[in-house]
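One file, input-v1.txt, is given below (compact mmCIF, C-alpha atoms and all ligand atoms).
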# COMPACT_ATOMS: atom_id res chain seq x y z
CA MET A 1 3.26 3.99 -49.79
CA SER A 2 6.07 6.18 -51.13
CA THR A 3 6.97 5.56 -54.73
CA THR A 4 10.33 7.29 -54.44
CA LEU A 5 13.58 6.43 -52.74
CA SER A 6 16.26 8.78 -51.47
CA ILE A 7 19.69 8.25 -52.95
CA SER A 8 22.98 9.95 -52.15
CA LEU A 9 25.89 9.76 -54.49
CA SER A 10 28.79 11.73 -55.86
CA VAL A 11 28.38 12.98 -59.42
CA ASN A 12 31.43 14.54 -61.00
CA GLY A 13 32.80 15.17 -57.51
CA GLU A 14 29.67 16.82 -56.15
CA GLU A 15 27.71 15.12 -53.34
CA ILE A 16 24.06 14.86 -54.33
CA THR A 17 20.92 13.62 -52.58
CA ARG A 18 17.71 13.17 -54.59
CA LEU A 19 14.43 11.31 -54.56
CA VAL A 20 14.11 8.88 -57.46
CA GLU A 21 11.65 6.27 -58.59
CA PRO A 22 13.01 2.77 -58.09
CA ARG A 23 12.87 2.03 -61.82
CA GLU A 24 14.52 5.26 -62.98
CA THR A 25 17.67 4.47 -64.90
CA LEU A 26 20.94 6.16 -64.12
CA ALA A 27 20.89 7.56 -67.67
CA ASP A 28 17.51 9.21 -67.15
CA PHE A 29 18.57 10.41 -63.70
CA LEU A 30 21.68 12.09 -65.09
CA ARG A 31 19.90 13.60 -68.07
CA ARG A 32 16.54 14.58 -66.57
CA ASP A 33 17.27 15.23 -62.92
CA LEU A 34 20.79 16.65 -63.22
CA GLN A 35 20.68 17.99 -66.80
CA LEU A 36 23.90 16.15 -67.62
CA THR A 37 22.90 15.56 -71.20
CA GLY A 38 26.35 14.52 -72.41
CA THR A 39 25.31 10.98 -71.46
CA HIS A 40 23.12 9.92 -74.35
CA THR A 41 20.50 7.25 -74.70
CA GLY A 42 20.34 5.40 -78.00
CA CYS A 43 19.33 1.76 -77.87
CA GLU A 44 18.54 1.74 -74.13
CA MET A 45 19.46 -1.96 -74.07
CA GLY A 46 23.20 -1.99 -73.48
CA VAL A 47 24.26 -2.25 -77.10
CA CYS A 48 25.28 1.15 -78.50
CA GLY A 49 27.51 2.56 -75.74
CA ALA A 50 26.14 6.11 -76.01
CA CYS A 51 25.23 6.05 -72.32
CA LEU A 52 28.56 4.95 -70.86
CA VAL A 53 29.62 6.59 -67.58
CA LEU A 54 32.13 5.66 -64.93
CA LEU A 55 30.72 4.11 -61.75
CA ASP A 56 33.42 3.97 -59.10
CA GLY A 57 35.92 4.24 -61.95
CA ARG A 58 34.46 1.42 -64.04
CA PRO A 59 32.64 2.05 -67.35
CA VAL A 60 28.99 0.98 -67.05
CA HIS A 61 25.93 1.36 -69.25
CA ALA A 62 23.81 4.01 -67.58
CA CYS A 63 20.77 2.72 -69.51
CA LEU A 64 21.05 -0.66 -67.81
CA THR A 65 21.83 0.69 -64.34
CA PHE A 66 19.13 1.90 -62.01
CA ALA A 67 19.81 5.20 -60.31
CA VAL A 68 19.30 3.50 -56.93
CA GLN A 69 22.18 1.15 -57.76
CA ALA A 70 24.49 4.16 -57.86
CA SER A 71 23.57 5.24 -54.35
CA GLY A 72 26.75 5.55 -52.30
CA ALA A 73 28.91 5.41 -55.41
CA ALA A 74 30.92 7.94 -57.41
CA VAL A 75 29.66 8.62 -60.92
CA GLU A 76 31.70 10.47 -63.53
CA THR A 77 30.14 11.61 -66.76
CA VAL A 78 31.73 13.05 -69.87
CA GLU A 79 31.08 16.52 -68.43
CA GLY A 80 33.08 15.73 -65.28
CA LEU A 81 35.88 14.08 -67.21
CA THR A 82 36.03 17.15 -69.43
CA GLU A 83 36.06 19.64 -66.55
CA SER A 84 38.81 17.73 -64.71
CA ALA A 85 40.79 17.55 -67.98
CA ALA A 86 41.04 13.76 -67.49
CA ILE A 87 40.22 13.24 -71.17
CA ALA A 88 41.72 16.46 -72.55
CA ASP A 89 44.41 14.59 -74.45
CA LEU A 90 41.86 12.15 -75.84
CA GLN A 91 39.63 15.01 -76.97
CA ARG A 92 42.61 16.69 -78.59
CA ALA A 93 43.67 13.52 -80.39
CA PHE A 94 40.11 12.85 -81.57
CA HIS A 95 40.12 16.38 -82.97
CA GLU A 96 43.55 16.01 -84.58
CA ARG A 97 42.66 12.69 -86.18
CA ASN A 98 39.23 13.81 -87.31
CA ALA A 99 37.70 11.17 -85.08
CA LEU A 100 35.24 13.59 -83.47
CA GLN A 101 32.39 12.73 -85.76
CA CYS A 102 29.10 13.35 -84.06
CA GLY A 103 28.14 14.49 -80.61
CA PHE A 104 25.92 11.51 -80.06
CA CYS A 105 28.34 8.59 -80.01
CA THR A 106 31.56 10.45 -79.18
CA PRO A 107 30.99 10.87 -75.41
CA GLY A 108 30.61 7.11 -75.04
CA MET A 109 33.71 6.54 -77.19
CA LEU A 110 35.71 8.87 -74.96
CA VAL A 111 34.51 7.12 -71.79
CA THR A 112 35.44 3.75 -73.32
CA ALA A 113 38.87 5.05 -74.33
CA HIS A 114 39.44 6.54 -70.91
CA GLY A 115 38.47 3.26 -69.23
CA LEU A 116 40.68 1.25 -71.59
CA LEU A 117 43.77 3.41 -71.05
CA ALA A 118 43.23 3.25 -67.28
CA ARG A 119 43.50 -0.55 -67.53
CA GLU A 120 46.05 -0.89 -70.35
CA THR A 121 48.93 1.51 -70.83
CA LEU A 122 49.73 0.54 -74.40
CA PRO A 123 46.85 -1.47 -75.87
CA SER A 124 47.29 -2.98 -79.32
CA ARG A 125 45.04 -1.82 -82.15
CA ALA A 126 43.17 -5.11 -81.80
CA GLU A 127 42.62 -4.42 -78.10
CA ILE A 128 41.42 -0.89 -78.90
CA ARG A 129 39.00 -2.29 -81.46
CA ASP A 130 37.83 -4.90 -78.98
CA ALA A 131 37.21 -2.21 -76.34
CA LEU A 132 35.24 -0.16 -78.90
CA SER A 133 33.11 -3.13 -79.90
CA GLY A 134 30.41 -1.91 -77.51
CA ASN A 135 30.29 1.56 -79.07
CA TYR A 136 28.22 1.89 -82.20
CA CYS A 137 28.80 4.58 -84.77
CA ARG A 138 26.17 4.38 -87.47
CA CYS A 139 27.89 6.74 -89.88
CA THR A 140 31.37 5.66 -90.79
CA GLY A 141 34.41 3.63 -89.82
CA TYR A 142 36.49 3.38 -86.71
CA GLU A 143 39.97 3.84 -88.21
CA ALA A 144 40.41 7.45 -87.08
CA ILE A 145 39.05 6.66 -83.62
CA VAL A 146 41.51 3.78 -83.19
CA ASP A 147 44.29 6.08 -84.46
CA ALA A 148 43.38 8.73 -81.89
CA ILE A 149 43.30 6.32 -78.95
CA GLU A 150 46.57 4.70 -80.04
CA THR A 151 48.15 8.16 -80.31
CA VAL A 152 47.12 9.06 -76.76
CA ALA A 153 48.39 5.75 -75.38
CA ARG A 154 51.78 6.42 -76.96
CA ARG A 155 51.86 10.04 -75.80
CA ARG A 156 50.98 9.09 -72.24
CA ALA A 157 53.57 6.31 -72.23
CA ALA A 158 56.17 8.85 -73.41
CA GLY A 159 55.10 11.25 -70.64
CA GLU A 160 53.91 13.89 -73.11
CA VAL A 161 51.39 16.47 -71.88
CA SER A 162 49.14 18.21 -74.33
CA ALA A 163 50.23 21.85 -74.20
CA ALA A 164 47.00 23.04 -75.82
CA PHE A 165 45.06 21.90 -72.78
CA LEU A 166 47.29 23.33 -70.07
CA GLU A 167 45.52 26.12 -68.21
CA GLU A 168 46.25 29.63 -69.29
CA PRO A 169 48.11 31.64 -66.63
CA ALA A 170 45.75 33.92 -64.64
S1 LIG B 1 21.72 3.62 -74.61
FE1 LIG B 1 22.87 2.42 -73.25
S2 LIG B 1 23.98 1.11 -74.53
FE2 LIG B 1 22.68 2.18 -75.88
S1 LIG B 2 29.75 9.60 -85.74
FE1 LIG B 2 28.35 9.36 -84.11
S2 LIG B 2 27.05 7.77 -84.67
FE2 LIG B 2 28.50 7.91 -86.20

Transcribe the structure of this file into structure tokens.
Amino acid sequence: MSTTLSISLSVNGEEITRLVEPRETLADFLRRDLQLTGTHTGCEMGVCGACLVLLDGRPVHACLTFAVQASGAAVETVEGLTESAAIADLQRAFHERNALQCGFCTPGMLVTAHGLLARETLPSRAEIRDALSGNYCRCTGYEAIVDAIETVARRRAAGEVSAAFLEEPA
């Protein structure tokens, strides 16, 4: 009996078909099979938020999602969000506010922030903190991260585009 299943899904806009074991997590699939290592695994139990990706536009824990559950769906990882410039203003604000602390937790923070601002145009600081409650940073505080997300919410609401991330003319 076959121990693998064929899945087809879109990852960062690319249609992909692969054989996976039924118990392979989406996090392992992205990291091992597709080398998309921006999605990190920390706790592997849905607590730290390092593994967050978008599944059909919704933030999900890739460590708690089986790869087979993503079959037929669209997955976006931090790499895809970066390439499409969907989080360029968030990345810039994290940089400006010194909120880019380590490469381990930051991708999940950016996915959380992106998901939050897709749902809420101008979240309060309490709402930003609430959204970040599933992202663990083990090093320091969240003040700069909240500042950065609040800054982007205000900039987007004011219709500001981050000039530093506009493409250079050819
Ligand atoms: S690795 Fe998924 S929440 Fe920690
Ligand atoms: S800055 Fe990444 S875990 Fe603290």

Could you tell me how far CA of Val47 in chain A lies from CA of Ala85 in chain A, in Å and to one decimal?
->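 Computing it gives 27.4 Å between the two atoms.
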
Per residue of range 37-153 of chain A within 9 Å of range 13-26 of chain A, note the shortest atom pair and the distance in Å to one decimal, counting all atoms listed in the file, and order the rows by chain and increasing residue number, as JSON lines.
{"residue": "A:His61", "atom": "CA", "partner": "A:Leu26", "partner_atom": "CA", "distance": 8.6}
{"residue": "A:Ala62", "atom": "CA", "partner": "A:Leu26", "partner_atom": "CA", "distance": 5.0}
{"residue": "A:Cys63", "atom": "CA", "partner": "A:Thr25", "partner_atom": "CA", "distance": 5.8}
{"residue": "A:Leu64", "atom": "CA", "partner": "A:Thr25", "partner_atom": "CA", "distance": 6.8}
{"residue": "A:Thr65", "atom": "CA", "partner": "A:Leu26", "partner_atom": "CA", "distance": 5.5}
{"residue": "A:Phe66", "atom": "CA", "partner": "A:Thr25", "partner_atom": "CA", "distance": 4.1}
{"residue": "A:Ala67", "atom": "CA", "partner": "A:Leu26", "partner_atom": "CA", "distance": 4.1}
{"residue": "A:Val68", "atom": "CA", "partner": "A:Pro22", "partner_atom": "CA", "distance": 6.4}
{"residue": "A:Gln69", "atom": "CA", "partner": "A:Leu26", "partner_atom": "CA", "distance": 8.2}
{"residue": "A:Ala70", "atom": "CA", "partner": "A:Leu26", "partner_atom": "CA", "distance": 7.5}
{"residue": "A:Ser71", "atom": "CA", "partner": "A:Thr17", "partner_atom": "CA", "distance": 9.0}
{"residue": "A:Ala74", "atom": "CA", "partner": "A:Gly13", "partner_atom": "CA", "distance": 7.5}
{"residue": "A:Val75", "atom": "CA", "partner": "A:Gly13", "partner_atom": "CA", "distance": 8.0}
{"residue": "A:Glu76", "atom": "CA", "partner": "A:Gly13", "partner_atom": "CA", "distance": 7.7}
{"residue": "A:Gly80", "atom": "CA", "partner": "A:Gly13", "partner_atom": "CA", "distance": 7.8}

What is the CA of Gln35 in chain A to CA of Cys137 in chain A distance in Å?
-> 23.8 Å

Quick one: residues within 8 Å of Thr121 in chain A, all atoms listed in the file counted, chain neighbours fewer than 6 positions away excluded, as number ranges by chain?
-> A: 153, 156-157

Could you check how far atom FE1 of ligand LIG 1 (chain B) sits from CA of Leu5 in chain A, in Å to one decimal?
-> 22.9 Å

Nearest to Ser84 in chain A, restricted to all atoms listed in the file and choosing among A:Leu116, A:Asn12, A:Gly49, A:Ala158, comes out as A:Asn12

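Based on only C-alpha atoms and all ligand atoms, the protein and nucleic acid residues found within 8 Å of ligand LIG 1 (chain B) are, by chain and then by number, A:Ala27, A:His40, A:Thr41, A:Gly42, A:Cys43, A:Glu44, A:Met45, A:Gly46, A:Val47, A:Cys48, A:Gly49, A:Ala50, A:Cys51, A:Leu52, A:His61, A:Ala62, A:Cys63, A:Leu64, A:Gly134, A:Asn135.
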
5 Å per side around range 56-71 of chain A: axis-aligned box centre and edge lengths, as JSON:
{"center_x": 27.5, "center_y": 2.3, "center_z": -61.9, "size_x": 26.8, "size_y": 15.9, "size_z": 25.2}

Within 9 Å of ligand LIG 2 (chain B), which residues of chain A come that close, and what is the closest atom pair and distance in Å for each? Count only C-alpha atoms and all ligand atoms and give it as a tab-separated table.
residue	atom	partner	partner_atom	distance
A:Ala50	CA	B:LIG2	S2	8.9
A:Ala99	CA	B:LIG2	S1	8.1
A:Leu100	CA	B:LIG2	S1	7.2
A:Gln101	CA	B:LIG2	S1	4.1
A:Cys102	CA	B:LIG2	FE1	4.1
A:Gly103	CA	B:LIG2	FE1	6.2
A:Phe104	CA	B:LIG2	FE1	5.2
A:Cys105	CA	B:LIG2	FE1	4.2
A:Thr106	CA	B:LIG2	FE1	6.0
A:Asn135	CA	B:LIG2	S2	9.0
A:Tyr136	CA	B:LIG2	S2	6.5
A:Cys137	CA	B:LIG2	FE2	3.6
A:Arg138	CA	B:LIG2	FE2	4.4
A:Cys139	CA	B:LIG2	FE2	3.9
A:Thr140	CA	B:LIG2	FE2	5.9
A:Gly141	CA	B:LIG2	FE2	8.1

Neighbours of Asp130 in chain A within 12 Å (all atoms listed in the file; same-chain residues fewer than 6 positions away dropped), as a list in words?
->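 Contacts, in chain order: Thr112, Ala113, Leu116, Pro123, Ser124, Tyr142 and Val146 of chain A.
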
Among the residues A:Leu132, A:Leu90, A:Val60, A:Leu55, the one that comes closest to Ile149 in chain A [using all atoms listed in the file] = A:Leu90

With a distance cut-off of 10 Å and only C-alpha atoms, select the neighbouring residues of Ala144 in chain A, excluding the residue or stretch itself and same-chain residues fewer than 6 positions from it, and output the selection as a PyMOL selection string.
-> chain A and resi 93-101+150

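Each of A:Thr151, A:Ile128, A:Thr77, A:Leu117 was compared to Thr37 in chain A using all atoms listed in the file, and A:Thr77 turns out to be the nearest.
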
Which one is closest to Gly108 in chain A: A:Glu79, A:Asp89, A:Asp147, A:Asp28? Count all atoms listed in the file.
->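 Smallest distance to Gly108 in chain A is found for A:Glu79.
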